[in-house]
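**Q** Sharing a structure with you now.
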Amino acid sequence: MWKSCCTSWDDGMLKVALICVQNSCRGQIAEALGRHLAGDVFESYSAGTKQKDYINPELCA
C-alpha cells in the first residue's frame, strides 16, 4: 500500500512523494506514470519506509 503527500512548491512545481513500505514496484510505477502523464504539472518521487537488500522479482513480474 502506498500513500501520496504533497511536499513543497519551492520552484513553482508541486512535488509529490509516493511512499510505500518497500518501494519495490508500485511506488516506482506510480512515480513513472506521474512523470509521464503530468510531468508538466508536478514532480513525482517514490520512496520506501523499509530497506531491503534486493528487489523481489516476483513483485514486478
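Just so we're on the same page: first chain in the C-alpha cells is A, next is B, and so on; residues restart at 1 for each chain, and ligands are numbered from 1 in the order they show up.
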Excluding A:Phe42 and any residue of its chain fewer than 2 positions from it, enumerate the residues within 6 Å of it, using only C-alpha atoms, and give them as an MDAnalysis selection string.
**A** chainID A and resid 13:15 39
**Q** Using only C-alpha atoms, pick whichever of A:His36, A:Ile19, A:Cys25, A:Ala30 has the shortest atom-to-atom distance to A:Gly48.
**A**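 Result for the nearest residue to A:Gly48: A:Ile19.
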**Q** What is the distance between atom CA of A:Tyr54 and atom CA of A:Val16, in Å to one decimal?
**A**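 For atom CA of A:Tyr54 relative to atom CA of A:Val16, the distance reads 25.1 Å.
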**Q** Mind pulling up the distance from atom CA of A:Ser44 to atom CA of A:Asn23?
**A**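 That distance, rounded to one decimal, is 13.6 Å.
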**Q** Just how far from atom CA of A:Leu33 is atom CA of A:Pro57, in Å to one decimal?
**A**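 Computing the Euclidean distance for atom CA of A:Pro57 and atom CA of A:Leu33 yields 20.3 Å.
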